[in-house]
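**Q** Here you go, one structure.
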Amino acid sequence: MSSSKQTQEVSILALSDSSMMTLSSVIDPLRAANRLSRLPLFSWRILSIDGAPIRLTCGVKIEVDGAISDQDSGELLVVIAGFDHQLNAPKNSLVKLRKVAPRFKTICGVEAGTWILARAGIITHHHVTTHWEDTEKLAEKYPSLDVRNERFVIDQNIWTSGGASPAFDMMLHYIRTTQNNSLAIDIASVFIYVESSSSSDAQTISLGRLQQHEPRLARAIRMMEQNIEEPLTILQIARDIPLSIKQLELICKRHLGVTPGAYYLRLRLQTARRMALDSKLSILEIAVRSGFNSQSALSRAFTKRYGQSPLKLRRASLVAK
C-alpha cells in the first residue's frame with residue numbers, strides 16, 4: 001500500500017497500573033513513523049477514564065490529554081490496561097467506551113485492554129488474545145470469545161495483543177498495512193528490533209513462574225526445547241517426568257490450551273521460521289534442524305501454520321529488504 005499523507009488520529013486510553021513499556025510500545029512506533037517519513041502520518045492523544053493522571057506500574061505518573069468522551073473519533077483506538085483493571089475501570093465507567101467504539105475504524109486491546117473491551121461489550125464472539133497469564137481466565141469469564149495464546153490477533157477491526165513486545169509487533173504491522181512495509185522496516189531498525197516472530201507465534205511463557213505452579217509441565221517444555229532437531233515422542237516425555245500421556249495432555253491443555261504434540265510442533269515451526277529468515281541454511285538443512293524428516297514434510301506443516309512455505313517466506317523477506 002502506498003504511503004498516505006493524511007494524518008491518522010489515534011486515541012490511547014490508558015489505565016493506571018499499566019506498564020510504561022507497553023505504553024511506549026504503542027506510542028514510539030507512531031512517533032518514529034512521523035520522524036522517518038517527515039510527514040505527520042499520525043497524531044495521538046493519551047486519555048484516561050476520568051481525565052485524571054494515570055500512575056504506571058513503575059510509579060511514574062503520566063498527565064493525560066483528557067477523559068474518554070463519547071464524541072471522540074478517529075482511525076485507531078488503543079485500550080491499554082494492566083493490573084487491577086476492574087478497580088481502575090469500574091463497570092459504570094465503561095459506558096462512554098462502549099458508545100465511542102463505533103466511531104473508530106480500528107480498536108486495539110493491549111494486555112488487559114482485552115478485558116476492558118470484553119467488559120464494555122465491544123468484543124463478544126471475536127478471536128482475541130491477552131497476556132498469557134490471563135488467557136485461561138479470560139476464556140472462562142467470556143466463553144463466547146475465542147481466546148488464543150498468540151502474540152497478537154486480528155479479527156476484522158478488532159486487534160488484541162499479549163503485552164509490550166507483541167504490542168510493538170502489532171504496531172509495526174499496523175504501520176505496514178496503513179502505510180507501507182518499507183517504513184515498518186525502517187522503524188524496526190531505529191529501535192534495533194528484529195521482527196523474528198509471527199503474530200500467531202505462542203507467547204513466551206516464563207518457565208520460572210510455571211515451575212512454581214506446574215513443574216511437571218515446565219520440565220516437559222524444557223525437554224521439547226532441548227530436543228528440536230531430534231524430537232522426542234510424547235510418550236518419552238511423559239515417562240521421563242513421570243506422567244501418563246493422558247495426564248500430560250490434561251495439564252498441557254489446562255495451562256497452554258493445546259495438546260503436547262501441537263505445542264511441540266509449534267516450537268519446531270517457530271525454530272524453522274527463525275532460521276528461514278535469519279540464516280542462509282538451505283530449506284533441507286532447516287528441515288533437518290527443526291526435526292522434520294524431509295523438506296516436503298516441513299513445507300506442508302509450515303504452510304499450514306504460516307500460510308506459505310519457508311522458501312516463499314524467505315524470498316518475500318529478501319524482496320522487502
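Scheme for the C-alpha cells: letters A, B, ... for chains in order shown; per-chain residue numbers from 1; ligand numbers from 1 in order shown.
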Got a sec to tell me which of range 48-97 of chain A DSSP assigns to strand (DSSP E), as a PyMOL selection string?
**A** chain A and resi 48+54-55+61-62+66-67+74-81
**Q** Can you check which residues of range 89-315 of chain A DSSP gives as alpha helix (DSSP H) on the backbone and send them as JSON, numbers by chain?
**A** {"A": [95, 96, 97, 98, 99, 100, 113, 114, 115, 116, 117, 118, 119, 135, 136, 137, 138, 139, 140, 141, 164, 165, 166, 167, 168, 169, 170, 171, 172, 173, 174, 175, 176, 177, 178, 181, 182, 183, 184, 185, 186, 187, 188, 189, 190, 207, 208, 209, 210, 211, 212, 213, 215, 216, 217, 218, 219, 220, 221, 222, 223, 224, 225, 226, 234, 235, 236, 237, 238, 239, 240, 245, 246, 247, 248, 249, 250, 251, 252, 253, 254, 255, 256, 260, 261, 262, 263, 264, 265, 266, 267, 268, 269, 270, 271, 272, 273, 274, 275, 276, 277, 278, 283, 284, 285, 286, 287, 288, 289, 295, 296, 297, 298, 299, 300, 301, 302, 303, 304, 305, 306, 310, 311, 312, 313, 314, 315]}
**Q** With a distance cut-off of 7 Å and only C-alpha atoms, select the neighbouring residues of range 153-163 of chain A, excluding the residue or stretch itself and same-chain residues fewer than 4 positions from it, and output the selection as an mmCIF file with N, CA and C atoms, in the first residue's frame.
**A**
```
data_model
loop_
_atom_site.group_PDB
_atom_site.id
_atom_site.type_symbol
_atom_site.label_atom_id
_atom_site.label_comp_id
_atom_site.auth_asym_id
_atom_site.auth_seq_id
_atom_site.Cartn_x
_atom_site.Cartn_y
_atom_site.Cartn_z
ATOM 1 N N THR A 22 4.723 -1.113 27.855
ATOM 2 C CA THR A 22 3.603 -1.361 26.955
ATOM 3 C C THR A 22 3.129 -0.067 26.314
ATOM 4 N N LYS A 105 -12.253 3.367 13.370
ATOM 5 C CA LYS A 105 -12.147 2.346 12.326
ATOM 6 C C LYS A 105 -11.556 1.056 12.879
ATOM 7 N N THR A 106 -10.537 1.183 13.720
ATOM 8 C CA THR A 106 -9.856 0.014 14.300
ATOM 9 C C THR A 106 -9.770 0.185 15.805
ATOM 10 N N ILE A 107 -9.989 -0.903 16.535
ATOM 11 C CA ILE A 107 -9.931 -0.884 18.001
ATOM 12 C C ILE A 107 -8.932 -1.928 18.456
ATOM 13 N N CYS A 108 -7.999 -1.518 19.299
ATOM 14 C CA CYS A 108 -6.955 -2.421 19.808
ATOM 15 C C CYS A 108 -7.070 -2.571 21.319
ATOM 16 N N GLY A 109 -6.947 -3.789 21.793
ATOM 17 C CA GLY A 109 -6.831 -4.054 23.221
ATOM 18 C C GLY A 109 -5.447 -4.601 23.498
ATOM 19 N N VAL A 110 -4.707 -3.937 24.368
ATOM 20 C CA VAL A 110 -3.339 -4.335 24.663
ATOM 21 C C VAL A 110 -3.263 -4.875 26.086
ATOM 22 N N GLU A 111 -2.726 -6.073 26.224
ATOM 23 C CA GLU A 111 -2.595 -6.755 27.505
ATOM 24 C C GLU A 111 -3.980 -6.879 28.137
ATOM 25 N N THR A 114 -7.774 -6.076 26.566
ATOM 26 C CA THR A 114 -8.756 -7.016 26.015
ATOM 27 C C THR A 114 -9.886 -7.252 27.010
ATOM 28 N N HIS A 126 -15.382 -12.681 19.175
ATOM 29 C CA HIS A 126 -14.177 -12.425 18.388
ATOM 30 C C HIS A 126 -13.039 -13.388 18.746
ATOM 31 N N HIS A 127 -12.075 -13.491 17.827
ATOM 32 C CA HIS A 127 -10.802 -14.142 18.111
ATOM 33 C C HIS A 127 -9.914 -13.090 18.782
ATOM 34 N N VAL A 128 -9.399 -13.386 19.963
ATOM 35 C CA VAL A 128 -8.632 -12.388 20.706
ATOM 36 C C VAL A 128 -7.480 -13.047 21.459
ATOM 37 N N THR A 129 -6.633 -12.207 22.024
ATOM 38 C CA THR A 129 -5.612 -12.682 22.951
ATOM 39 C C THR A 129 -5.461 -11.662 24.066
ATOM 40 N N THR A 130 -4.747 -12.043 25.087
ATOM 41 C CA THR A 130 -4.372 -11.164 26.185
ATOM 42 C C THR A 130 -3.055 -11.696 26.722
ATOM 43 N N HIS A 131 -2.553 -11.125 27.798
ATOM 44 C CA HIS A 131 -1.305 -11.656 28.352
ATOM 45 C C HIS A 131 -1.478 -13.126 28.705
ATOM 46 N N TRP A 132 -0.438 -13.925 28.442
ATOM 47 C CA TRP A 132 -0.579 -15.377 28.595
ATOM 48 C C TRP A 132 -1.011 -15.799 29.993
ATOM 49 N N ALA A 167 2.864 -5.947 21.434
ATOM 50 C CA ALA A 167 2.240 -4.677 21.047
ATOM 51 C C ALA A 167 3.116 -3.939 20.051
ATOM 52 N N SER A 199 2.702 -13.128 14.188
ATOM 53 C CA SER A 199 1.601 -12.793 15.090
ATOM 54 C C SER A 199 1.033 -14.036 15.763
#
```
**Q** Excluding Gly59 in chain A and residues on its chain fewer than 2 positions from it, collect all residues at most 10 Å away from it, counting only C-alpha atoms, and give them as an mmCIF file with N, CA and C atoms, in the first residue's frame.
**A**
```
data_model
loop_
_atom_site.group_PDB
_atom_site.id
_atom_site.type_symbol
_atom_site.label_atom_id
_atom_site.label_comp_id
_atom_site.auth_asym_id
_atom_site.auth_seq_id
_atom_site.Cartn_x
_atom_site.Cartn_y
_atom_site.Cartn_z
ATOM 1 N N SER A 16 -4.501 3.284 34.878
ATOM 2 C CA SER A 16 -3.469 3.165 35.904
ATOM 3 C C SER A 16 -3.101 1.700 36.082
ATOM 4 N N ASP A 17 -1.865 1.481 36.535
ATOM 5 C CA ASP A 17 -1.295 0.142 36.717
ATOM 6 C C ASP A 17 -1.021 -0.541 35.387
ATOM 7 N N SER A 19 1.768 -0.828 32.157
ATOM 8 C CA SER A 19 3.220 -0.840 32.075
ATOM 9 C C SER A 19 3.725 0.293 31.184
ATOM 10 N N MET A 20 4.775 0.980 31.631
ATOM 11 C CA MET A 20 5.392 2.010 30.797
ATOM 12 C C MET A 20 5.915 1.407 29.504
ATOM 13 N N ILE A 54 -2.625 9.158 35.140
ATOM 14 C CA ILE A 54 -2.531 7.722 35.410
ATOM 15 C C ILE A 54 -1.168 7.416 36.016
ATOM 16 N N ARG A 55 -1.144 6.453 36.920
ATOM 17 C CA ARG A 55 0.113 6.030 37.536
ATOM 18 C C ARG A 55 0.483 4.659 36.994
ATOM 19 N N LEU A 56 1.656 4.583 36.374
ATOM 20 C CA LEU A 56 2.102 3.331 35.777
ATOM 21 C C LEU A 56 2.675 2.407 36.838
ATOM 22 N N THR A 57 2.886 1.156 36.476
ATOM 23 C CA THR A 57 3.374 0.173 37.450
ATOM 24 C C THR A 57 4.749 0.526 38.005
ATOM 25 N N LYS A 61 3.942 8.930 37.176
ATOM 26 C CA LYS A 61 2.602 9.456 36.925
ATOM 27 C C LYS A 61 2.600 10.172 35.582
ATOM 28 N N ILE A 62 1.605 9.865 34.746
ATOM 29 C CA ILE A 62 1.508 10.419 33.403
ATOM 30 C C ILE A 62 0.295 11.351 33.318
#
```
**Q** Find the residues near Arg273 in chain A: any atom within 10 Å, counting only C-alpha atoms, skip ones fewer than 4 places away on the same chain, and give them as a list in words.
**A** Ser196, Ser197, Ser198, Leu267, Arg268, Leu269, Leu277, Asp278, Ser279, Ile286, Ser290, Phe302, Tyr306, Ser309, Pro310, Leu311, Leu313 and Arg314 of chain A
**Q** Taking a cut-off of 10 Å and counting only C-alpha atoms, can you build a table that, for each residue of range 86-193 of chain A near range 256-263 of chain A, reports the nearest atom pair and how far apart they are in Å (one decimal), sorted by chain then residue number, as JSON lines?
**A**
```
{"residue": "A:Trp132", "atom": "CA", "partner": "A:Leu256", "partner_atom": "CA", "distance": 8.6}
{"residue": "A:Glu133", "atom": "CA", "partner": "A:Leu256", "partner_atom": "CA", "distance": 9.9}
{"residue": "A:Thr135", "atom": "CA", "partner": "A:Gly257", "partner_atom": "CA", "distance": 8.8}
{"residue": "A:Glu136", "atom": "CA", "partner": "A:Gly257", "partner_atom": "CA", "distance": 7.8}
{"residue": "A:Val147", "atom": "CA", "partner": "A:Gly257", "partner_atom": "CA", "distance": 9.3}
{"residue": "A:Arg148", "atom": "CA", "partner": "A:Gly257", "partner_atom": "CA", "distance": 8.0}
{"residue": "A:Asn149", "atom": "CA", "partner": "A:Leu256", "partner_atom": "CA", "distance": 7.3}
```
**Q** Using only C-alpha atoms, pick whichever of A:Met275, A:Ile46, A:Leu97, A:Ile192 has the shortest atom-to-atom distance to Ile122 in chain A.
**A** A:Leu97
**Q** For Val26 in chain A, which residue out of A:Ser165, A:Ser317, A:Gln179, A:Thr271 is the nearest one, using only C-alpha atoms?
**A**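 Of A:Ser165, A:Ser317, A:Gln179, A:Thr271, the one nearest Val26 in chain A, counting only C-alpha atoms, is A:Ser165.
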**Q** What is the CA of Pro90 in chain A to CA of Gly121 in chain A distance in Å?
**A**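 Result for CA of Pro90 in chain A versus CA of Gly121 in chain A: 13.7 Å, one decimal.
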**Q** Skipping near chain neighbours, those fewer than 5 positions away, what residues fall within 7 Å of range 9-13 of chain A using only C-alpha atoms, listed as a ChimeraX atom specification?
**A** /A:42-48,74-80
